[in-house]
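Encoded as structure tokens, the structure appears first; notes follow it.
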Amino acid sequence: MAQPNVKAPLGVDVDIWLGFSETTLGGSAAGVVYDGASLTTAQMQAIAATVGAPATCFVHAVMPDRIEVRFFSTLTEYGMCGHGTIAVLTALIDAGRIECGSEPRTIDLVTPTSQASTTIHERVDGRPEVMLALEPAPFQSTSISADELAAALGTSPNVFQTIPIEESPSDFVHLLVPTTGLDALSSMVPDFEALGTLCQAHGVHTVAAYSPVAGDAANTIRVRDFCPATGTNEAPATGTTNRAVSGHLVRHKLCGLGGDGTST
């Protein structure tokens, strides 16, 4: 969903798009700059800080089957960004820079440190659909204790499940925090400064607290994604975090797989 554009430093126009939203409300904002190749790293970081969105995306090259882009938060550069990917491809389709038809089309999305496969096609309502394929998430133990994490999240260690709190290192290092239910999740009132300091001390980028049970809906997971270490206290919607959460659910048998090895 497109929003009014922003005039950033150096006179750069930034289009704002809302990923994971069909309306002007909700979703996660991402800025898109179509001529990122003309900017230095310092200039891109300054523009992203001014835009203030969870991600600002700088397009460097557009080819028929390959797009080169750099993603920045208000504080740092990302190796990959899920909602930023949706924003970039949708914006390029909207601008006529890439073609999107009823037949699925694969385009490689390349950043300076990562690469992913995307698929685009035009839905029956005429709008583009963007899918991002990522490798399965790896997991490792964390050095953050339950007590110090609970203190930073403004909660009690009792709200954490017996399932291990683990890290998932990929383009981001996600900390996966399974909780006992929706009440435990919604009652968290983080001290974002303390949480950001804790994350930076342990090399963690996001803290994904989740509830494996959300009402009576099967396979519905509620997530709160805290990202003060990268400049966004709490992300309203995320992409790459979903990979880590989904993998954690399967790893600890909180989500079953169908006969085809997938689950929705």
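Residues in the structure tokens are named by chain (A, B, ... in the order shown) and by number from 1 within that chain; ligands are numbered from 1 in the order shown.
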With a cut-off of 10 Å, could you pull out the residues of stretch 54-96 of chain A touching stretch 239-242 of chain A and give me the nearest pair of atoms for each, distance in Å to one decimal, using only C-alpha atoms, ordered by chain and ascending number, as a Markdown table?
```
| residue | atom | partner | partner_atom | distance |
| --- | --- | --- | --- | --- |
| A:Met80 | CA | A:Thr240 | CA | 7.8 |
| A:Cys81 | CA | A:Thr240 | CA | 6.4 |
| A:Gly82 | CA | A:Gly239 | CA | 4.0 |
| A:His83 | CA | A:Gly239 | CA | 5.4 |
| A:Gly84 | CA | A:Gly239 | CA | 8.4 |
| A:Thr85 | CA | A:Gly239 | CA | 8.8 |
| A:Ile86 | CA | A:Gly239 | CA | 9.1 |
```
Exercise for the section: Name the residues in contact with stretch 192-200 of chain A at a cut-off of 8 Å, using only C-alpha atoms, excluding same-chain residues fewer than 6 positions from it; report them as number ranges by chain. Expected result: A: 149, 152-153, 206, 227-229, 233
Selected residues, N, CA and C atoms, written as a PDB file, in the first residue's frame, please.
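Okay, this is what ended up in part_12.pdb:
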```
ATOM      1  N   LEU A 149      16.492 -11.086  30.717  1.00  0.00           N
ATOM      2  CA  LEU A 149      15.569 -10.850  29.609  1.00  0.00           C
ATOM      3  C   LEU A 149      14.212 -10.395  30.133  1.00  0.00           C
ATOM      4  N   ALA A 152      14.275  -6.748  31.220  1.00  0.00           N
ATOM      5  CA  ALA A 152      14.270  -5.808  30.096  1.00  0.00           C
ATOM      6  C   ALA A 152      12.916  -5.767  29.393  1.00  0.00           C
ATOM      7  N   LEU A 153      12.192  -6.891  29.423  1.00  0.00           N
ATOM      8  CA  LEU A 153      10.874  -6.951  28.784  1.00  0.00           C
ATOM      9  C   LEU A 153       9.756  -6.464  29.701  1.00  0.00           C
ATOM     10  N   THR A 206      16.904  -8.744  17.045  1.00  0.00           N
ATOM     11  CA  THR A 206      15.477  -8.658  17.352  1.00  0.00           C
ATOM     12  C   THR A 206      15.110  -9.682  18.414  1.00  0.00           C
ATOM     13  N   CYS A 227      12.740  -4.567  18.449  1.00  0.00           N
ATOM     14  CA  CYS A 227      13.971  -4.353  17.676  1.00  0.00           C
ATOM     15  C   CYS A 227      14.700  -3.064  18.042  1.00  0.00           C
ATOM     16  N   PRO A 228      14.808  -2.702  19.321  1.00  0.00           N
ATOM     17  CA  PRO A 228      15.486  -1.441  19.643  1.00  0.00           C
ATOM     18  C   PRO A 228      16.954  -1.433  19.232  1.00  0.00           C
ATOM     19  N   ALA A 229      17.570  -2.604  19.131  1.00  0.00           N
ATOM     20  CA  ALA A 229      18.983  -2.657  18.751  1.00  0.00           C
ATOM     21  C   ALA A 229      19.206  -2.221  17.306  1.00  0.00           C
ATOM     22  N   ASN A 233      11.642   0.214  18.105  1.00  0.00           N
ATOM     23  CA  ASN A 233      11.324  -0.398  19.395  1.00  0.00           C
ATOM     24  C   ASN A 233      10.484  -1.657  19.239  1.00  0.00           C
TER      25      ASN A 233
END
```
Exercise for the section: Output as a ChimeraX atom specification all residues of stretch 15-165 of chain A that backbone DSSP marks as alpha helix (DSSP H). Expected result: /A:41-51,82-94,146-153
Problem - Contacts of stretch 93-105 of chain A within 7 Å, only C-alpha atoms, excl. fewer than 4 positions in-chain, as a VMD selection string - result: chain A and resid 89 119 to 123
